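The data block below is work.txt; it holds compact mmCIF, C-alpha atoms.
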# COMPACT_ATOMS: atom_id res chain seq x y z
CA MET A 1 0.00 0.00 0.00
CA ASN A 2 1.42 3.36 -1.01
CA ASP A 3 0.13 6.53 0.65
CA SER A 4 0.95 9.66 -1.36
CA ARG A 5 0.64 11.80 1.80
CA LEU A 6 3.75 10.23 3.31
CA VAL A 7 6.98 12.00 2.45
CA GLU A 8 10.43 10.49 2.82
CA PRO A 9 12.73 12.69 4.93
CA ASP A 10 15.67 14.39 3.21
CA ARG A 11 18.87 12.43 3.65
CA ALA A 12 22.51 13.18 3.05
CA GLY A 13 24.38 11.09 0.51
CA ASP A 14 23.70 10.00 -3.02
CA GLY A 15 20.56 8.01 -2.19
CA GLN A 16 21.78 5.01 -4.20
CA GLY A 17 21.02 2.04 -1.98
CA GLN A 18 22.30 3.55 1.24
CA PRO A 19 20.50 2.32 4.36
CA ALA A 20 18.37 4.96 6.06
CA PRO A 21 20.03 6.38 9.18
CA TYR A 22 18.36 5.73 12.53
CA ASP A 23 15.90 8.49 13.53
CA PRO A 24 16.00 8.83 17.34
CA LEU A 25 12.48 10.30 17.55
CA ARG A 26 11.81 8.51 20.81
CA LEU A 27 14.68 10.39 22.45
CA CYS A 28 13.02 13.71 21.56
CA ILE A 29 9.77 12.41 23.04
CA PHE A 30 11.54 11.28 26.22
CA ALA A 31 13.08 14.75 26.65
CA THR A 32 9.66 16.35 26.26
CA VAL A 33 8.14 14.00 28.85
CA ALA A 34 10.99 14.85 31.20
CA LEU A 35 10.25 18.54 30.69
CA LEU A 36 6.66 17.92 31.72
CA GLY A 37 8.04 16.21 34.80
CA TRP A 38 10.08 19.28 35.72
CA LEU A 39 8.50 19.47 39.16
CA LEU A 40 9.69 15.95 39.92
CA GLY A 41 13.28 16.93 39.33
CA PRO A 42 15.48 18.57 36.71
CA VAL A 43 17.90 15.66 36.87
CA ALA A 44 15.54 13.53 34.75
CA LEU A 45 15.19 16.39 32.27
CA GLY A 46 18.95 16.70 31.98
CA PHE A 47 19.44 12.95 31.55
CA PHE A 48 16.91 12.61 28.73
CA ALA A 49 18.00 15.86 27.03
CA VAL A 50 21.64 14.72 26.96
CA LEU A 51 20.57 11.27 25.79
CA GLY A 52 18.60 12.92 22.97
CA ILE A 53 21.52 15.19 22.03
CA VAL A 54 23.84 12.19 21.78
CA GLY A 55 21.31 10.23 19.72
CA TYR A 56 20.50 13.05 17.31
CA THR A 57 24.16 13.98 16.92
CA LYS A 58 24.97 10.40 15.91
CA ALA A 59 21.99 10.29 13.55
CA ARG A 60 22.92 13.62 11.96
CA ARG A 61 26.48 12.40 11.39
CA ALA A 62 25.01 9.28 9.77
CA GLY A 63 23.07 11.47 7.34
CA LEU A 64 19.69 12.18 8.93
CA LEU A 65 18.73 15.74 8.01
CA ARG A 66 15.00 15.69 8.85
CA SER A 67 13.39 13.96 11.79
CA ARG A 68 9.83 12.85 12.34
CA CYS A 69 9.92 15.05 15.43
CA LEU A 70 7.55 18.02 15.22
CA LEU A 71 10.53 20.36 14.85
CA GLY A 72 11.58 18.66 11.60
CA ASP A 73 15.16 19.67 10.89
CA THR A 74 17.63 17.86 13.14
CA ARG A 75 19.38 21.17 13.87
CA ASN A 76 16.15 22.49 15.38
CA VAL A 77 15.78 19.32 17.44
CA LEU A 78 19.37 19.60 18.69
CA GLY A 79 18.78 23.25 19.62
CA TYR A 80 15.60 22.33 21.50
CA LEU A 81 17.37 19.54 23.38
CA GLY A 82 20.24 21.93 24.20
CA VAL A 83 17.77 24.41 25.72
CA LEU A 84 16.24 21.59 27.78
CA ALA A 85 19.69 20.55 29.03
CA ALA A 86 20.44 24.17 30.01
CA LEU A 87 17.11 24.37 31.87
CA ALA A 88 18.00 21.17 33.71
CA VAL A 89 21.35 22.60 34.83
CA ALA A 90 19.63 25.82 35.93
CA GLY A 91 17.07 23.81 37.88
CA VAL A 92 19.70 21.76 39.69
CA VAL A 93 21.75 24.87 40.52
CA TRP A 94 18.63 26.68 41.76
CA ALA A 95 17.56 23.72 43.89
CA ILE A 96 20.97 23.41 45.51
CA ALA A 97 21.40 27.18 46.01
CA SER A 98 17.96 27.65 47.55
CA GLY A 99 18.12 24.52 49.67
CA SER A 100 14.87 23.45 48.06
CA LEU A 101 15.61 19.88 47.09
CA TRP A 102 12.04 18.83 46.45
CA VAL A 103 12.88 15.39 45.15
CA PRO A 104 12.19 12.97 48.05
CA TRP A 105 15.11 10.62 47.38
CA ILE A 106 17.60 13.51 47.59
CA ALA A 107 16.30 14.86 50.91
CA TRP A 108 17.21 11.79 52.97
Since I need it in another form, could you write the structure as structure tokens?
Amino acid sequence: MNDSRLVEPDRAGDGQGQPAPYDPLRLCIFATVALLGWLLGPVALGFFAVLGIVGYTKARRAGLLRSRCLLGDTRNVLGYLGVLAALAVAGVVWAIASGSLWVPWIAW
């Protein structure tokens, strides 16, 4: 079955029989879920954002130029994940500086 609404993402290379590079879409989704869980701790946000950055960097080097992520271009996705990682660092620094470690397993 061929659906004309589906569009193949742009890829680097000559397109002559090269295998499609891995699209780490799930890593972008995990980072977004971690952002929604910000109140539970910025450490999770930082972990998933860095995991996504590593995955998308490897995929971009393998030739993936467009992702199925809502942001499309892998550069946009990497920028988004970088902002999330920076927010995670800011959250950890703020929590330590204010003495407001709201994550139960840290406050033991």
Could you check which of A:Gly37, A:Leu84, A:Arg75, A:Val89 is closest to Ala59 (chain A), using all atoms listed in the file? A:Arg75
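Nearest-residue note for Asp73 (chain A): choosing from A:Ala34, A:Arg26, A:Val50, A:Tyr56, the minimum distance belongs to A:Tyr56, counting all atoms listed in the file.
For the atom pair formed by CA of Phe48 (chain A) and CA of Leu71 (chain A), the distance is 17.1 Å, given to one decimal.
Put simply, CA of Leu81 (chain A) is 25.8 Å away from CA of Pro19 (chain A).
A straight line drawn from CA of Arg60 (chain A) to CA of Leu87 (chain A) is 23.4 Å long.
Residue nearest Tyr22 (chain A) within the list A:Leu51, A:Ala95, A:Ala44, A:Ala62: A:Ala62 [criterion: smallest interatomic distance, all atoms listed in the file].
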If you count all atoms listed in the file, the residue of A:Val54, A:Ala88, A:Cys28, A:Ala97 closest to Asn76 (chain A) turns out to be A:Cys28
Compile the contact shell of Asp23 (chain A) as a ChimeraX atom specification: residues with an atom at most 12 Å away, counting all atoms listed in the file, same-chain residues fewer than 5 positions apart removed. /A:9-11,28-29,52,55-69,72-74,77
